[in-house]
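*Asks:* Sharing data_35.tsv here; it has TSV, C-alpha atoms and all ligand atoms.
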chain	number	residue	atom	x	y	z
U	1	MET	CA	110.58	83.42	182.22
U	2	SER	CA	107.11	84.77	181.73
U	3	VAL	CA	104.95	83.32	178.99
U	4	THR	CA	102.68	86.34	179.08
U	5	VAL	CA	105.51	88.81	178.51
U	6	SER	CA	107.08	86.88	175.68
U	7	LEU	CA	103.86	86.31	173.74
U	8	SER	CA	102.25	89.72	174.20
U	9	PRO	CA	104.09	91.43	171.30
U	10	MET	CA	103.09	88.60	168.99
U	11	LYS	CA	99.49	88.97	169.99
U	12	ARG	CA	99.60	92.66	169.16
U	13	ILE	CA	101.11	91.95	165.76
U	14	ARG	CA	98.46	89.37	165.01
U	15	SER	CA	95.77	91.84	165.96
U	16	MET	CA	97.13	94.34	163.46
U	17	ASN	CA	97.69	91.86	160.68
U	18	THR	CA	94.55	89.78	160.87
U	19	SER	CA	91.05	90.47	161.86
U	20	SER	CA	88.69	87.84	160.53
U	21	ASN	CA	90.34	85.08	162.51
U	22	ARG	CA	90.25	86.97	165.77
U	23	ALA	CA	87.32	84.98	167.08
U	24	THR	CA	89.09	81.71	166.49
U	25	ARG	CA	92.17	82.93	168.21
U	26	ARG	CA	90.28	84.32	171.17
U	27	ARG	CA	88.83	80.90	171.82
U	28	MET	CA	92.26	79.43	171.77
U	29	PRO	CA	94.39	79.87	174.91
U	30	VAL	CA	97.91	81.12	174.47
U	31	GLY	CA	99.36	77.77	175.36
U	32	ARG	CA	97.32	76.09	172.64
U	33	ILE	CA	98.43	78.56	170.03
U	34	ALA	CA	102.02	77.68	170.77
U	35	ALA	CA	101.18	74.00	170.72
U	36	ALA	CA	99.32	74.37	167.43
U	37	SER	CA	102.29	76.14	165.89
U	38	VAL	CA	104.59	73.36	166.95
U	39	ALA	CA	102.16	70.77	165.66
U	40	ALA	CA	101.76	72.56	162.34
U	41	GLY	CA	105.52	72.81	162.00
U	42	ALA	CA	105.85	69.11	162.61
U	43	VAL	CA	103.23	68.39	159.98
U	44	VAL	CA	105.02	70.67	157.51
U	45	ALA	CA	108.28	68.89	158.14
U	46	ALA	CA	106.62	65.53	157.74
U	47	ALA	CA	104.88	66.64	154.56
U	48	ALA	CA	108.06	68.07	153.00
U	49	GLY	CA	108.53	64.95	150.91
U	50	ALA	CA	104.85	64.24	150.41
U	51	SER	CA	102.61	65.59	147.72
U	52	HIS	CA	99.49	66.44	149.70
U	53	SER	CA	98.97	69.68	151.55
U	54	VAL	CA	97.88	70.12	155.13
U	55	SER	CA	96.12	73.39	154.34
U	56	SER	CA	92.75	71.70	154.71
U	57	GLU	CA	93.29	71.82	158.45
U	58	GLN	CA	92.58	75.55	158.33
U	59	PRO	CA	89.65	75.87	155.93
U	60	ASP	CA	88.48	79.14	157.51
U	61	LEU	CA	91.81	80.82	156.78
U	62	GLN	CA	91.78	79.58	153.19
U	63	ALA	CA	88.28	80.84	152.64
U	64	ALA	CA	89.13	84.21	154.09
U	65	GLY	CA	91.97	84.62	151.63
U	66	HIS	CA	94.73	84.82	154.19
U	67	THR	CA	98.24	84.77	152.98
U	68	ALA	CA	100.57	82.16	154.35
U	69	ALA	CA	102.58	84.86	156.11
U	70	ALA	CA	99.63	86.35	157.92
U	71	ALA	CA	98.43	82.94	159.02
U	72	ALA	CA	101.84	81.62	159.84
U	73	PRO	CA	101.54	81.30	163.62
U	74	VAL	CA	98.62	78.88	163.54
U	75	SER	CA	98.39	77.45	160.02
U	76	ALA	CA	100.51	75.35	157.75
U	77	PRO	CA	101.94	76.91	154.56
U	78	VAL	CA	99.77	76.53	151.49
U	79	ALA	CA	102.43	75.66	148.94
U	80	LEU	CA	104.45	72.67	150.00
U	81	GLU	CA	107.02	72.05	147.30
U	82	ASP	CA	110.12	70.30	148.49
U	83	PRO	CA	112.93	72.91	148.03
U	84	ALA	CA	115.42	70.17	147.18
U	85	ALA	CA	113.14	68.74	144.50
U	86	LYS	CA	112.56	72.22	143.05
U	87	ALA	CA	116.29	72.94	143.01
U	88	ALA	CA	116.94	69.63	141.27
U	89	ARG	CA	114.26	70.34	138.67
U	90	ASP	CA	115.58	73.87	138.08
U	91	ALA	CA	119.12	72.54	137.70
U	92	GLU	CA	117.91	70.00	135.16
U	93	LEU	CA	116.13	72.71	133.16
U	94	VAL	CA	119.26	74.86	133.18
U	95	ALA	CA	121.43	71.89	132.14
U	96	ARG	CA	119.03	71.06	129.30
U	97	ASP	CA	119.17	74.68	128.15
U	98	HIS	CA	122.97	74.61	128.21
U	99	GLU	CA	122.96	71.44	126.11
U	100	ARG	CA	120.64	73.03	123.58
U	101	LEU	CA	122.80	76.17	123.33
U	102	ALA	CA	125.93	74.04	122.98
U	103	ARG	CA	124.29	72.05	120.13
U	104	GLU	CA	123.28	75.27	118.39
U	105	ALA	CA	126.73	76.79	118.79
U	106	ASP	CA	128.31	73.57	117.51
U	107	ALA	CA	126.06	73.62	114.44
U	108	LEU	CA	127.19	77.17	113.68
U	109	ARG	CA	130.94	76.82	114.27
U	110	PRO	CA	133.28	76.11	111.34
U	111	LYS	CA	134.22	72.44	110.92
U	112	VAL	CA	137.27	73.25	108.80
U	113	VAL	CA	139.58	76.28	108.79
U	114	ILE	CA	142.72	77.45	107.01
U	115	PRO	CA	145.51	76.82	109.55
U	116	VAL	CA	147.23	80.22	109.41
U	117	ILE	CA	146.44	83.74	108.33
U	118	GLY	CA	149.31	84.16	105.87
U	119	PRO	CA	149.27	83.62	102.10
U	120	VAL	CA	150.31	80.38	100.42
U	121	SER	CA	153.94	80.70	99.34
U	122	SER	CA	154.54	77.28	97.83
U	123	LEU	CA	152.27	74.59	96.42
U	124	PHE	CA	152.29	70.79	96.51
U	125	GLY	CA	154.34	69.19	93.72
U	126	ALA	CA	157.73	69.21	92.05
U	127	ARG	CA	159.95	72.03	93.26
U	128	TRP	CA	163.67	72.67	92.84
U	129	GLY	CA	164.22	69.16	91.53
U	130	GLU	CA	162.48	67.63	94.53
U	131	PHE	CA	158.94	66.75	95.41
U	132	HIS	CA	157.27	69.17	97.80
U	133	ALA	CA	154.78	67.03	99.67
U	134	GLY	CA	152.79	69.85	101.27
U	135	MET	CA	151.71	73.47	101.05
U	136	ASP	CA	153.65	76.34	102.59
U	137	PHE	CA	152.04	79.34	104.22
U	138	ALA	CA	154.30	82.37	104.78
U	139	ASP	CA	153.91	83.85	108.25
U	140	PRO	CA	156.12	85.49	110.86
U	141	ILE	CA	157.55	83.34	113.64
U	142	GLY	CA	155.06	82.96	116.46
U	143	THR	CA	151.94	83.20	114.28
U	144	PRO	CA	149.25	80.91	115.72
U	145	ILE	CA	148.57	77.67	113.83
U	146	ALA	CA	145.05	76.26	114.06
U	147	ALA	CA	143.89	72.69	113.76
U	148	VAL	CA	142.31	72.46	110.30
U	149	THR	CA	139.53	70.09	111.38
U	150	ASP	CA	138.35	68.49	114.57
U	151	GLY	CA	140.69	65.70	115.50
U	152	THR	CA	143.17	64.18	117.87
U	153	ILE	CA	146.83	65.06	118.34
U	154	ILE	CA	148.78	61.89	117.51
U	155	GLU	CA	152.30	63.28	117.54
U	156	ALA	CA	153.97	66.45	118.81
U	157	GLY	CA	157.72	66.78	118.95
U	158	PRO	CA	160.97	66.56	116.97
U	159	ALA	CA	160.87	65.25	113.40
U	160	GLN	CA	163.55	64.82	110.76
U	161	GLY	CA	163.62	67.78	108.37
U	162	PHE	CA	160.79	69.57	110.17
U	163	GLY	CA	162.63	70.44	113.37
U	164	LEU	CA	159.38	70.13	115.30
U	165	TRP	CA	156.06	68.91	113.99
U	166	VAL	CA	152.52	68.25	115.13
U	167	ARG	CA	150.42	65.55	113.52
U	168	VAL	CA	146.65	65.50	113.87
U	169	GLN	CA	144.27	62.66	113.09
U	170	GLN	CA	141.69	64.71	111.21
U	171	ASP	CA	137.93	64.25	111.13
U	172	ASP	CA	137.86	62.42	107.76
U	173	GLY	CA	140.58	59.92	108.68
U	174	THR	CA	143.38	61.86	107.02
U	175	ILE	CA	146.40	63.01	108.98
U	176	GLY	CA	147.35	66.67	109.01
U	177	VAL	CA	151.06	67.42	109.35
U	178	PHE	CA	152.23	70.79	110.63
U	179	GLY	CA	155.97	71.22	110.11
U	180	HIS	CA	158.81	73.58	111.14
U	181	VAL	CA	156.72	74.83	114.07
U	182	ASN	CA	158.33	77.06	116.66
U	183	ASP	CA	156.17	76.22	119.69
U	184	ILE	CA	154.05	73.15	120.28
U	185	LEU	CA	150.84	74.09	122.09
U	186	ALA	CA	149.09	70.72	122.16
U	187	THR	CA	149.79	67.33	123.67
U	188	VAL	CA	149.50	63.84	122.24
U	189	GLY	CA	146.05	62.39	122.83
U	190	GLN	CA	144.42	65.80	123.10
U	191	HIS	CA	141.15	66.23	121.22
U	192	VAL	CA	141.07	69.45	119.23
U	193	ARG	CA	138.41	71.28	117.29
U	194	ALA	CA	138.84	73.12	114.02
U	195	GLY	CA	140.40	76.47	114.86
U	196	ASP	CA	142.03	75.40	118.13
U	197	ILE	CA	145.59	76.73	118.30
U	198	ILE	CA	148.01	73.79	118.36
U	199	ALA	CA	151.38	75.40	117.53
U	200	THR	CA	153.08	78.53	116.23
U	201	VAL	CA	154.90	79.20	113.00
U	202	GLY	CA	158.64	78.64	113.12
U	203	ASN	CA	161.73	78.21	111.01
U	204	ARG	CA	163.10	74.97	112.40
U	205	GLY	CA	164.57	72.08	110.44
U	206	GLN	CA	165.25	72.32	106.73
U	207	SER	CA	163.51	75.63	106.20
U	208	THR	CA	164.49	78.70	104.20
U	209	GLY	CA	162.41	81.14	106.22
U	210	PRO	CA	159.51	81.31	108.67
U	211	HIS	CA	156.49	79.41	107.33
U	212	LEU	CA	154.05	76.63	108.04
U	213	HIS	CA	154.47	73.48	105.99
U	214	TYR	CA	151.15	71.63	105.92
U	215	GLU	CA	150.66	68.13	104.58
U	216	VAL	CA	147.63	65.89	104.29
U	217	TRP	CA	148.16	62.15	104.42
U	218	ALA	CA	145.36	59.99	103.08
U	219	VAL	CA	144.12	57.01	105.05
U	220	ASP	CA	146.44	54.74	103.01
U	221	GLY	CA	149.42	56.91	103.97
U	222	GLN	CA	149.71	58.62	100.58
U	223	LYS	CA	150.60	62.32	100.77
U	224	ILE	CA	147.89	64.16	98.84
U	225	ASP	CA	147.69	67.71	97.56
U	226	PRO	CA	146.21	69.77	100.43
U	227	LEU	CA	144.87	72.50	98.13
U	228	PRO	CA	142.06	70.56	96.36
U	229	TRP	CA	141.36	68.82	99.66
U	230	LEU	CA	140.85	72.22	101.34
U	231	ILE	CA	138.85	73.53	98.37
U	232	SER	CA	136.58	70.47	98.42
U	233	ARG	CA	135.76	71.38	102.00
U	234	GLY	CA	134.81	74.95	101.11
U	235	LEU	CA	138.08	76.71	101.88
U	236	HIS	CA	139.95	78.91	99.43
U	237	PRO	CA	143.50	79.70	100.60
U	238	ASN	CA	145.13	82.75	99.06
U	239	THR	CA	147.44	81.29	96.40
U	240	ALA	CA	148.09	84.51	94.50
U	241	MET	CA	151.72	84.60	95.67
U	242	ALA	CA	152.33	80.85	95.46
U	243	SER	CA	155.06	79.36	93.34
N	301	ZN	ZN	156.93	73.08	102.66
Show this structure as structure tokens.
*Replies:*
Amino acid sequence: MSVTVSLSPMKRIRSMNTSSNRATRRRMPVGRIAAASVAAGAVVAAAAGASHSVSSEQPDLQAAGHTAAAAAPVSAPVALEDPAAKAARDAELVARDHERLAREADALRPKVVIPVIGPVSSLFGARWGEFHAGMDFADPIGTPIAAVTDGTIIEAGPAQGFGLWVRVQQDDGTIGVFGHVNDILATVGQHVRAGDIIATVGNRGQSTGPHLHYEVWAVDGQKIDPLPWLISRGLHPNTAMAS
């Protein structure tokens, strides 16, 4: 292998790219240029985790305004930021931005929703000689049912009279009961947010047609009227057709 042959193209490139440092390079034998490059590389590697720069070793190149690329064969890079540290800092900035956006989105999202799209067909109270302990919403089978508030699924399965039900521990300590559902789309222990689909409307159990039966149980277990509870939270279900 010939050193002269292998380094000649590099020398030509240097001659085209740089001019002010020619004198320095001329004084430096080819072998020393190679050695200097290796040495500079070693210093760069050693300085990768350190804060100080080795650029002071080439003050003439700095003064002449050389770019790092042009001076690469004989000088150390000017900017010595550890790529791993930069990547970690960038990742932290991105993560912080994601957290901020998530907080803003959370502040804007509804904290309480009406569980289904359909109109109220039956209200809480005495009905047909019995006591109707919830509100009915008329909807076709398969209509999505949303969690009314944030909460936790505490029961999801068969229930006497309801066929299938889902019960949710709601954000104010009450329990929301969703009865006669056709499909259960949530699992016990699952945390849900207001609007998350937890079931679909069905006609199971003691039901006279497809609808959602929704109850609200107070903390003491008492079944309370869901309508004023919903209204107090800013919701106004369509009761025009209710009986
Ligand atoms: Zn009902």
*Asks:* I'd like the neighbourhood of His132 (chain U) as a ChimeraX atom specification, where a residue qualifies if any of its atoms comes within 12 Å (using only C-alpha atoms), though same-chain residues fewer than 2 positions away should be ignored.
*Replies:* /U:122-130,134-136,213-215,223-226,243
*Asks:* Tell me which of U:Gly176, U:Pro83, U:Gly189, U:Gly202 sits closest to Trp229 (chain U), counting all atoms listed in the file.
*Replies:*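 Selected residue with least distance to Trp229 (chain U): U:Gly176.
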*Asks:* Figure out the distance between CA of Lys111 (chain U) and CA of Thr200 (chain U), please, to one decimal in Å.
*Replies:*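 Taking CA of Thr200 (chain U) and CA of Lys111 (chain U), their separation equals 20.5 Å.
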*Asks:* Interatomic distance between CA of Ala240 (chain U) and CA of Leu164 (chain U)?
*Replies:* 27.7 Å
*Asks:* Ranking U:Ala138, U:Ala194, U:Ile154, U:Ile145 by minimum distance to Thr239 (chain U) and counting all atoms listed in the file, which one comes first?
*Replies:*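 For Thr239 (chain U), the nearest of the candidates is U:Ala138.
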*Asks:* From (143.2, 79.7, 117.7), in the file's coordinates, out to 9 Å: which residues are reached, counting only C-alpha atoms? Answer as number ranges by chain.
*Replies:* U: 115, 144-147, 194-198
*Asks:* Taking only C-alpha atoms into account, which of U:Leu101, U:Ala95, U:Val113, U:Val188 comes nearest Val148 (chain U)?
*Replies:*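 When distances to Val148 (chain U) are compared using only C-alpha atoms, the smallest one comes from U:Val113.
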*Asks:* Using all atoms listed in the file, which of U:Ile175, U:Val166, U:Pro158, U:Ala133 sits nearest ligand ZN 301 (chain N)?
*Replies:*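 For ligand ZN 301 (chain N), the nearest of the given residues is U:Ala133.
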*Asks:* For a quick check of understanding, using only C-alpha atoms and all ligand atoms, which of U:Arg167, U:His211, U:Arg109, U:Arg89 has the smallest distance to ligand ZN 301 (chain N)?
*Replies:* U:His211
*Asks:* Assuming 8 Å of padding per side, give the centre and edge lengths of the axis-aligned box around every listed atom of region 187-190 of chain U, in Å to one decimal and as JSON.
*Replies:*
{"center_x": 147.1, "center_y": 64.9, "center_z": 123.0, "size_x": 21.4, "size_y": 20.9, "size_z": 17.4}
*Asks:* If I take CA of Ala199 (chain U) and CA of Ala107 (chain U), how far is one from the other in Å, to one decimal?
*Replies:*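 A separation of 25.6 Å between them.
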*Asks:* Between U:Phe137, U:Leu93, U:Gly163, U:Gly157, which is the closest to ligand ZN 301 (chain N) once you count only C-alpha atoms and all ligand atoms?
*Replies:*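 Looking only at the distances to ligand ZN 301 (chain N), the closest residue turns out to be U:Phe137.
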*Asks:* Ala159 (chain U): which residues within 12 Å, counting all atoms listed in the file, same-chain residues fewer than 3 positions away excluded, as an MDAnalysis selection string?
*Replies:* chainID U and resid 155:156 162:167 177:181 204:206
